[in-house]
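Have a look at target24.txt; it's compact mmCIF, C-alpha atoms:
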```
# COMPACT_ATOMS: atom_id res chain seq x y z
CA MET A 271 109.80 87.46 128.56
CA GLN A 272 109.36 86.53 132.21
CA HIS A 273 108.00 89.95 133.19
CA LEU A 274 104.76 89.07 131.39
CA LEU A 275 103.39 88.01 134.72
CA PHE A 276 99.70 87.60 134.04
CA SER A 277 100.14 84.72 131.59
CA ALA A 278 102.83 83.16 133.69
CA ALA A 279 101.18 83.65 137.04
CA PHE A 280 97.95 82.05 135.98
CA ALA A 281 99.65 79.44 133.85
CA ILE A 282 101.12 78.02 137.05
CA LEU A 283 97.61 77.51 138.32
CA LEU A 284 97.05 75.11 135.43
CA LEU A 285 99.77 72.68 136.38
CA GLY A 286 98.26 69.36 137.29
CA VAL A 287 94.71 70.52 136.38
CA PRO A 288 92.99 68.95 133.36
CA ALA A 289 92.06 71.58 130.77
CA LEU A 290 88.35 72.28 130.67
CA GLN A 291 86.91 72.48 127.17
CA ALA A 292 85.12 75.79 127.60
CA GLU A 293 84.18 77.17 124.20
CA PRO A 294 84.98 80.90 124.04
CA ILE A 295 82.13 83.38 123.64
CA TYR A 296 82.18 85.09 120.27
CA ASP A 297 78.70 86.67 120.32
CA CYS A 298 78.92 90.31 121.31
CA ILE A 299 75.25 91.18 121.03
CA THR A 300 73.50 89.11 123.66
CA GLY A 301 73.54 90.29 127.25
CA LYS A 302 72.49 88.37 130.33
CA GLY A 303 70.43 89.72 133.17
CA ASN A 304 71.58 93.25 133.96
CA ALA A 305 74.89 92.92 132.06
CA ARG A 306 75.73 93.44 128.41
CA PRO A 307 79.04 93.27 126.56
CA ILE A 308 80.79 96.09 124.72
CA CYS A 309 83.43 94.82 122.30
CA GLY A 310 86.32 96.26 120.33
CA PHE A 311 88.94 96.02 123.07
CA LYS A 312 91.94 93.76 123.56
CA ASN A 313 92.48 92.49 127.10
CA PRO A 314 91.20 95.56 129.00
CA GLU A 315 92.79 94.39 132.27
CA ASP A 316 92.38 97.56 134.34
CA MET A 317 90.34 100.78 134.20
CA ILE A 318 89.73 104.03 136.04
CA ALA A 319 87.01 106.70 135.88
CA LEU A 320 87.97 110.17 134.69
CA PRO A 321 86.71 113.30 136.51
CA GLY A 322 83.09 114.05 135.75
CA ASN A 323 82.21 110.37 135.21
CA LYS A 324 81.67 110.91 131.48
CA ALA A 325 84.54 108.69 130.39
CA ILE A 326 86.73 105.78 131.49
CA LEU A 327 90.42 105.22 130.80
CA LEU A 328 91.40 101.59 130.15
CA GLY A 329 94.71 99.81 129.85
CA GLU A 330 94.94 96.98 127.29
CA PHE A 331 97.44 94.40 128.51
CA GLU A 332 99.18 92.32 125.84
CA HIS A 333 100.13 89.34 127.98
CA SER A 334 101.81 87.46 125.11
CA GLY A 335 104.28 90.29 124.59
CA ALA A 336 103.94 89.85 120.81
CA ALA A 337 102.32 93.24 120.23
CA PRO A 338 102.09 96.58 122.04
CA GLY A 339 99.22 97.47 124.29
CA ARG A 340 97.52 100.86 124.50
CA LEU A 341 95.67 103.32 126.70
CA VAL A 342 92.06 103.73 125.58
CA LEU A 343 89.40 106.37 126.26
CA PHE A 344 85.84 105.03 126.51
CA GLU A 345 82.97 107.51 126.36
CA ILE A 346 80.23 106.23 128.65
CA GLU A 347 77.16 107.77 127.03
CA ASN A 348 77.79 106.93 123.37
CA GLU A 349 80.27 104.07 123.98
CA ARG A 350 82.85 105.40 121.55
CA GLN A 351 86.49 104.35 121.96
CA HIS A 352 89.63 106.37 121.23
CA THR A 353 93.30 105.47 121.46
CA LEU A 354 95.03 107.84 123.88
CA PHE A 355 98.51 106.32 123.73
CA ARG A 356 100.47 103.60 121.96
CA GLY A 357 104.10 102.68 122.39
CA GLY A 358 106.55 104.86 120.52
CA GLN A 359 104.12 107.78 120.22
CA SER A 360 105.52 109.95 123.00
CA LYS A 361 107.75 112.88 122.17
CA GLY A 362 107.52 114.21 125.69
CA LYS A 363 110.40 114.94 127.99
CA ALA A 364 110.75 114.07 131.65
CA GLU A 365 109.57 116.88 133.92
CA SER A 366 110.88 117.68 137.38
CA GLY A 367 108.66 116.34 140.13
CA TRP A 368 107.27 113.54 137.97
CA GLY A 369 109.09 110.43 139.09
CA ASP A 370 112.81 109.73 139.17
CA PRO A 371 115.05 112.30 137.43
CA ASN A 372 117.24 109.38 136.33
CA CYS A 373 114.33 107.83 134.39
CA THR A 374 114.16 110.08 131.33
CA THR A 375 113.15 107.85 128.41
CA PRO A 376 109.51 107.63 127.23
CA PRO A 377 108.01 104.16 126.65
CA GLY A 378 109.27 102.30 123.58
CA ASP A 379 107.30 100.71 120.76
CA MET A 380 106.31 97.71 122.90
CA PHE A 381 104.56 99.79 125.56
CA ASN A 382 102.47 97.30 127.58
CA PRO A 383 100.24 98.80 130.32
CA HIS A 384 99.06 96.74 133.28
CA GLY A 385 97.90 98.32 136.56
CA LEU A 386 96.61 101.92 136.54
CA ASP A 387 95.84 104.69 139.00
CA LEU A 388 94.82 108.33 138.70
CA VAL A 389 95.55 111.00 141.30
CA ARG A 390 95.10 114.77 141.60
CA ARG A 391 98.54 116.15 142.39
CA ASP A 392 99.17 118.86 144.95
CA ASP A 393 99.80 121.28 142.06
CA GLY A 394 96.29 120.55 140.71
CA ARG A 395 97.35 118.49 137.70
CA LEU A 396 96.06 114.98 137.05
CA GLN A 397 98.67 112.22 137.13
CA LEU A 398 98.15 108.80 135.59
CA LEU A 399 100.42 106.07 136.95
CA VAL A 400 100.90 103.04 134.68
CA ILE A 401 102.63 99.75 135.49
CA GLN A 402 104.49 99.08 132.26
CA HIS A 403 106.17 95.85 131.14
CA GLY A 404 107.08 96.46 127.49
CA SER A 405 110.85 96.64 126.92
CA ARG A 406 111.37 97.59 130.58
CA GLU A 407 109.78 97.12 134.00
CA ALA A 408 108.72 100.57 135.19
CA ILE A 409 105.99 102.92 136.29
CA ASP A 410 105.31 105.48 133.56
CA LEU A 411 103.73 108.77 134.55
CA PHE A 412 101.38 110.73 132.28
CA GLU A 413 99.58 114.01 132.71
CA VAL A 414 95.88 113.65 131.92
CA ILE A 415 94.48 116.81 130.36
CA GLY A 416 90.88 117.62 129.43
CA ALA A 417 87.30 117.44 130.65
CA GLY A 418 84.03 115.64 129.93
CA THR A 419 84.77 113.21 127.12
CA ASP A 420 87.66 115.21 125.61
CA TRP A 421 90.92 113.93 127.09
CA LYS A 422 94.55 113.43 126.14
CA VAL A 423 97.61 112.09 127.95
CA GLU A 424 101.18 113.38 127.81
CA TRP A 425 104.19 111.51 129.15
CA ARG A 426 105.96 113.34 132.00
CA GLY A 427 108.35 110.84 133.59
CA CYS A 428 108.90 107.38 135.03
CA VAL A 429 110.31 105.30 137.87
CA SER A 430 112.13 102.03 137.27
CA ALA A 431 110.81 99.00 139.14
CA PRO A 432 112.65 97.58 142.14
CA ALA A 433 115.35 95.10 141.21
CA ASN A 434 114.01 91.75 139.99
CA ALA A 435 110.39 92.76 140.66
CA SER A 436 107.54 91.94 138.29
CA LEU A 437 104.97 94.58 139.22
CA ASN A 438 101.18 94.35 139.06
CA SER A 439 99.17 97.22 140.58
CA ILE A 440 99.76 100.75 141.80
CA ALA A 441 98.21 103.37 144.10
CA GLY A 442 99.34 106.99 143.86
CA MET A 443 99.39 109.89 146.33
CA SER A 444 98.95 113.60 145.67
CA ASN A 445 102.54 114.42 146.72
CA GLY A 446 104.06 112.12 144.09
CA ASP A 447 104.60 109.11 146.35
CA PHE A 448 103.09 105.77 145.39
CA TYR A 449 102.61 102.17 146.52
CA THR A 450 102.99 99.20 144.20
CA THR A 451 102.79 95.41 144.34
CA GLN A 452 105.39 92.93 143.23
CA MET A 453 103.55 89.75 142.23
CA THR A 454 106.69 87.68 141.61
CA PRO A 455 110.39 88.11 140.92
CA LEU A 456 111.26 88.55 137.25
CA ASP A 457 113.22 85.30 137.41
CA TYR A 458 110.52 83.30 139.18
CA ASP A 459 110.54 79.65 138.04
CA PHE A 460 106.91 79.03 137.06
CA ALA A 461 107.66 75.35 136.59
CA LYS A 462 107.53 75.12 140.38
CA GLY A 463 103.74 75.33 140.25
CA ILE A 464 101.43 77.26 142.55
CA PRO A 465 103.55 79.32 144.94
CA GLY A 466 103.36 78.00 148.45
CA GLY A 467 105.42 80.76 149.96
CA ILE A 468 106.42 84.36 149.48
CA THR A 469 106.73 85.53 145.86
CA GLY A 470 106.36 89.28 146.38
CA ARG A 471 105.33 92.21 148.55
CA ALA A 472 104.23 95.82 148.43
CA PHE A 473 106.69 98.69 148.07
CA ALA A 474 106.47 102.39 148.89
CA TRP A 475 108.27 104.89 146.65
CA SER A 476 108.98 108.41 147.88
CA GLN A 477 109.20 111.47 145.63
CA SER A 478 111.39 113.19 148.23
CA ASP A 479 114.19 110.62 148.40
CA LYS A 480 113.55 108.89 145.03
CA ASN A 481 113.79 105.47 146.61
CA TYR A 482 111.78 102.34 147.39
CA ARG A 483 111.24 100.67 150.71
CA LYS A 484 109.56 97.38 151.45
CA ILE A 485 106.28 97.69 153.36
CA GLY A 486 106.23 95.30 156.28
CA GLY A 487 103.35 92.88 156.64
CA THR A 488 102.80 92.57 152.88
CA GLU A 489 104.94 89.56 151.96
CA GLY A 490 102.78 86.88 150.36
CA ALA A 491 101.90 84.57 147.52
CA MET A 492 101.23 86.61 144.37
CA PRO A 493 100.40 90.09 145.72
CA ASN A 494 98.09 91.70 143.17
CA GLY A 495 95.64 94.62 143.60
CA ILE A 496 96.33 97.60 145.84
CA VAL A 497 94.49 100.74 146.97
CA THR A 498 95.41 103.24 149.66
CA SER A 499 93.43 105.28 152.16
CA HIS A 500 93.09 108.96 151.29
CA ASP A 501 95.71 109.97 153.86
CA GLY A 502 98.10 107.22 152.76
CA ARG A 503 98.23 105.61 156.22
CA PHE A 504 96.82 102.25 155.14
CA ILE A 505 96.98 100.03 152.10
CA TYR A 506 94.55 97.28 151.15
CA MET A 507 96.32 94.53 149.19
CA THR A 508 95.02 91.41 147.51
CA ALA A 509 97.11 88.24 147.33
CA THR A 510 95.80 85.96 144.60
CA ALA A 511 97.47 82.67 145.45
CA GLU A 512 96.59 82.85 149.14
CA ASN A 513 92.96 83.98 148.66
CA SER A 514 93.28 87.00 150.92
CA VAL A 515 92.87 90.76 151.19
CA ARG A 516 94.89 92.55 153.88
CA LYS A 517 94.77 95.97 155.52
CA VAL A 518 98.25 97.11 156.53
CA ASP A 519 99.59 100.17 158.34
CA VAL A 520 102.17 101.58 155.91
CA THR A 521 104.44 103.05 158.58
CA THR A 522 104.58 100.17 161.05
CA GLY A 523 103.86 97.21 158.75
CA ARG A 524 101.24 96.04 161.20
CA GLU A 525 98.44 93.96 159.69
CA LEU A 526 95.16 95.48 160.84
CA GLY A 527 92.79 93.03 159.22
CA ARG A 528 92.45 90.20 156.74
CA VAL A 529 89.53 88.65 154.88
CA THR A 530 89.27 85.56 152.68
CA VAL A 531 88.39 86.23 149.04
CA ASN A 532 88.84 83.54 146.42
CA MET A 533 91.63 84.45 143.98
CA PRO A 534 91.25 88.24 144.32
CA ASP A 535 92.52 90.47 141.54
CA ASN A 536 92.26 94.26 141.14
CA ALA A 537 90.74 96.55 143.77
CA ARG A 538 88.98 99.89 143.25
CA TRP A 539 87.36 102.41 145.57
CA ALA A 540 83.57 102.67 145.20
CA PRO A 541 81.76 106.04 145.34
CA ASP A 542 80.49 105.23 148.86
CA GLY A 543 83.95 104.62 150.32
CA ARG A 544 83.91 100.84 150.16
CA ILE A 545 86.32 98.74 148.09
CA VAL A 546 85.27 96.79 145.00
CA ILE A 547 87.31 93.63 144.33
CA ALA A 548 87.31 91.21 141.40
CA SER A 549 87.36 87.55 142.49
CA PHE A 550 87.79 84.43 140.35
CA SER A 551 85.79 81.30 141.11
CA LYS A 552 87.38 78.13 142.45
CA GLU A 553 86.87 76.56 139.02
CA ALA A 554 88.91 79.30 137.33
CA PRO A 555 92.21 77.38 136.93
CA GLN A 556 90.47 74.86 134.69
CA HIS A 557 89.65 77.61 132.19
CA PHE A 558 92.91 79.49 131.91
CA ALA A 559 94.58 77.32 129.26
CA THR A 560 91.72 78.13 126.89
CA CYS A 561 91.53 81.77 127.97
CA LEU A 562 95.20 82.56 127.46
CA SER A 563 95.15 81.21 123.90
CA LEU A 564 92.30 83.44 122.75
CA THR A 565 92.89 85.82 119.85
CA ARG A 566 89.27 87.01 119.83
CA GLY A 567 86.13 86.54 121.89
CA ALA A 568 85.92 86.07 125.64
CA CYS A 569 86.60 83.15 127.92
CA ARG A 570 83.97 81.68 130.26
CA THR A 571 85.79 81.81 133.58
CA PRO A 572 83.23 82.43 136.36
CA PHE A 573 83.92 85.38 138.63
CA LYS A 574 82.37 87.77 141.14
CA ILE A 575 82.70 91.45 141.90
CA VAL A 576 82.48 91.78 145.67
CA VAL A 577 82.43 94.72 148.08
CA LEU A 578 84.76 95.05 151.08
CA ASP A 579 84.01 97.25 154.08
CA PRO A 580 87.46 98.77 154.80
CA GLU A 581 86.67 99.36 158.48
CA SER A 582 85.32 95.96 159.48
CA MET A 583 87.36 94.11 156.82
CA THR A 584 84.38 91.98 155.86
CA ILE A 585 82.80 91.22 152.49
CA VAL A 586 79.40 92.87 152.72
CA GLU A 587 77.95 92.50 149.25
CA THR A 588 78.28 90.87 145.84
CA LEU A 589 77.72 93.55 143.21
CA TYR A 590 77.76 91.12 140.32
CA ALA A 591 78.30 87.40 139.78
CA SER A 592 78.99 85.85 136.38
CA ASP A 593 78.87 82.23 135.32
CA GLY A 594 81.14 83.25 132.44
CA VAL A 595 78.45 84.58 130.07
CA PRO A 596 78.48 87.10 128.36
CA MET A 597 82.06 87.56 129.58
CA GLY A 598 84.20 85.64 132.02
CA SER A 599 87.51 86.29 133.76
CA GLY A 600 86.66 89.68 135.24
CA THR A 601 89.86 91.27 136.54
CA VAL A 602 88.51 94.67 137.65
CA GLY A 603 85.17 96.12 138.71
CA LEU A 604 84.74 99.88 138.46
CA GLN A 605 81.58 101.48 139.84
CA VAL A 606 80.53 104.70 138.11
CA ASP A 607 77.31 106.16 139.53
CA ASP A 608 74.69 103.37 139.30
CA GLU A 609 76.67 101.22 136.86
CA LEU A 610 79.48 98.71 137.13
CA PHE A 611 82.08 98.32 134.39
CA VAL A 612 84.07 95.09 134.36
CA GLY A 613 87.34 94.51 132.50
CA SER A 614 89.21 91.34 131.66
CA ALA A 615 92.79 90.41 130.77
CA THR A 616 91.60 87.64 128.41
CA SER A 617 88.82 89.21 126.39
CA ASP A 618 87.85 91.46 123.49
CA ARG A 619 85.21 93.21 125.62
CA ILE A 620 84.10 94.85 128.82
CA LEU A 621 80.81 94.38 130.64
CA ARG A 622 78.38 97.17 131.43
CA VAL A 623 76.20 96.26 134.40
CA ASN A 624 73.12 98.21 135.49
CA LEU A 625 73.19 98.10 139.29
CA LYS A 626 69.64 99.42 139.56
CA VAL A 627 68.37 96.19 137.98
CA GLN A 628 68.70 92.80 139.65
CA GLN A 629 70.49 90.02 137.78
```
Whole structure given in structure tokens:
Amino acid sequence: MQHLLFSAAFAILLLGVPALQAEPIYDCITGKGNARPICGFKNPEDMIALPGNKAILLGEFEHSGAAPGRLVLFEIENERQHTLFRGGQSKGKAESGWGDPNCTTPPGDMFNPHGLDLVRRDDGRLQLLVIQHGSREAIDLFEVIGAGTDWKVEWRGCVSAPANASLNSIAGMSNGDFYTTQMTPLDYDFAKGIPGGITGRAFAWSQSDKNYRKIGGTEGAMPNGIVTSHDGRFIYMTATAENSVRKVDVTTGRELGRVTVNMPDNARWAPDGRIVIASFSKEAPQHFATCLSLTRGACRTPFKIVVLDPESMTIVETLYASDGVPMGSGTVGLQVDDELFVGSATSDRILRVNLKVQQ
């Protein structure tokens, strides 16, 4: 199905590029420098920290569409994993104030999570927003209930995607509004190769009027990661195919800053108020043919996790750089206290990086 955008979007980067014979990494014991792998996952493309920093919630993205994905709880101290949600498990009913009242059906059996965000609602409840591709293109909304390492999720509602939009990432607000990125149209012709023009944009959805609007200044080639300022005035959006990160005023559409980052993917706020961004190396397209065919192990695509100062719009630090071992193709970097957790859309593992120790 064409909404499976990760495979398709990066497959286009392969056109005209000879495949690099990069043997996948099957060893899940050996670390490198200050990083070590933790296996037992399937394409943990995005992740968020839960309150208290005792656990992480991950979304496993099944980019082939042949099997359902899941939401996974990872306990940081003992590294145990638990399935929080699979497709077809929800018996919940849509609740007023959680998304569009016209979107009343829980995810089906082929639930396939992509981008995630977690926000404390104005009523005090925790809301998980999930970009979801399986059987429909939508944002599914879950209530996250618990504390420490004891958590569960319950489906509360959803919002259908804009027409002909293949979504990627999402950023929620406490009042129920959210911002999301369209990477490409659903009917995008990937045989055209690397997009040289506009393939998507960012949208704002309002809980009050239950409608989308296009955010000016966000049109670009493969919009990807997105985070918002606490007050919702600004968004920071990555555009993978144009190697850029932008800061945009949501109301006016004015671009307030732009920085070059090679093939940027997901973005996450760091504890110190800076933005952590995953960035693929320039050699990455040569690896994707091998990576996308993996059924186990990890690919060797080099990547970096870099830090953006949201005021100056400059890259001020590299938190971690990988030559592809013990895991390549990092799609998200999540800083929790003095550690960095890195996910990947083409891997059976995550990386746990000790930031107090140099590589």
Stretch 375-407 of chain A near stretch 527-550 of chain A within 10 Å: what's each residue's closest atom pair and its distance in Å to one decimal, counting only C-alpha atoms, ordered by chain then ascending residue number, as a Markdown table?
```
| residue | atom | partner | partner_atom | distance |
| --- | --- | --- | --- | --- |
| A:Gly385 | CA | A:Asn536 | CA | 8.3 |
| A:Leu386 | CA | A:Asn536 | CA | 9.9 |
| A:Asp387 | CA | A:Arg538 | CA | 9.4 |
```
**Item:** From A:Tyr296, A:Asn372, A:Ala325, A:Ile496, residue lying nearest A:Asn348 [all atoms listed in the file]
**Value:** A:Ala325
**One-decimal distance in Å that lies between atom CA of A:Glu413 and atom CA of A:Glu365** = 10.5 Å
**9 Å contact set for A:Ile346, only C-alpha atoms, chain neighbours under 6 positions out, as a list of chain:residue names** =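 Within the cut-off, the hits are A:Asn323, A:Lys324, A:Ala325, A:Ile326, A:Thr419.
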**Message:** Using all atoms listed in the file - which residues lie no farther than 12 Å from the point (103.2, 107.5, 135.3) in the file's frame? Write them as a ChimeraX atom specification.
**Reply:** /A:364-365,367-370,373-374,376-377,383-389,396-402,408-414,423-430,440-443,446-448
**Prompt:** Between A:Ala431, A:Ile308, A:Val586, A:Ala337, which one has atoms that come closest to A:Trp475, using only C-alpha atoms?
**Reply:** A:Ala431
**Item:** Top pick for closest residue to A:Pro572, considering A:Leu625, A:Ala591, A:Ala472, A:Ile585 and counting only C-alpha atoms
**Value:** A:Ala591
**Distance criterion (only C-alpha atoms): nearest to A:Arg566 out of A:Val497, A:Ala615, A:Ala511, A:Leu589** =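 For A:Arg566, the nearest of the given residues is A:Ala615.
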**Request:** Step by step: start from the point (92.8, 102.6, 132.0) in the file's coordinates, keep every protein, DNA or RNA residue that has an atom no farther than 8 Å from it, count all atoms listed in the file, and write the set as an MDAnalysis selection string.
**Result:** chainID A and resid 314 316:318 326:330 341:343 386:387
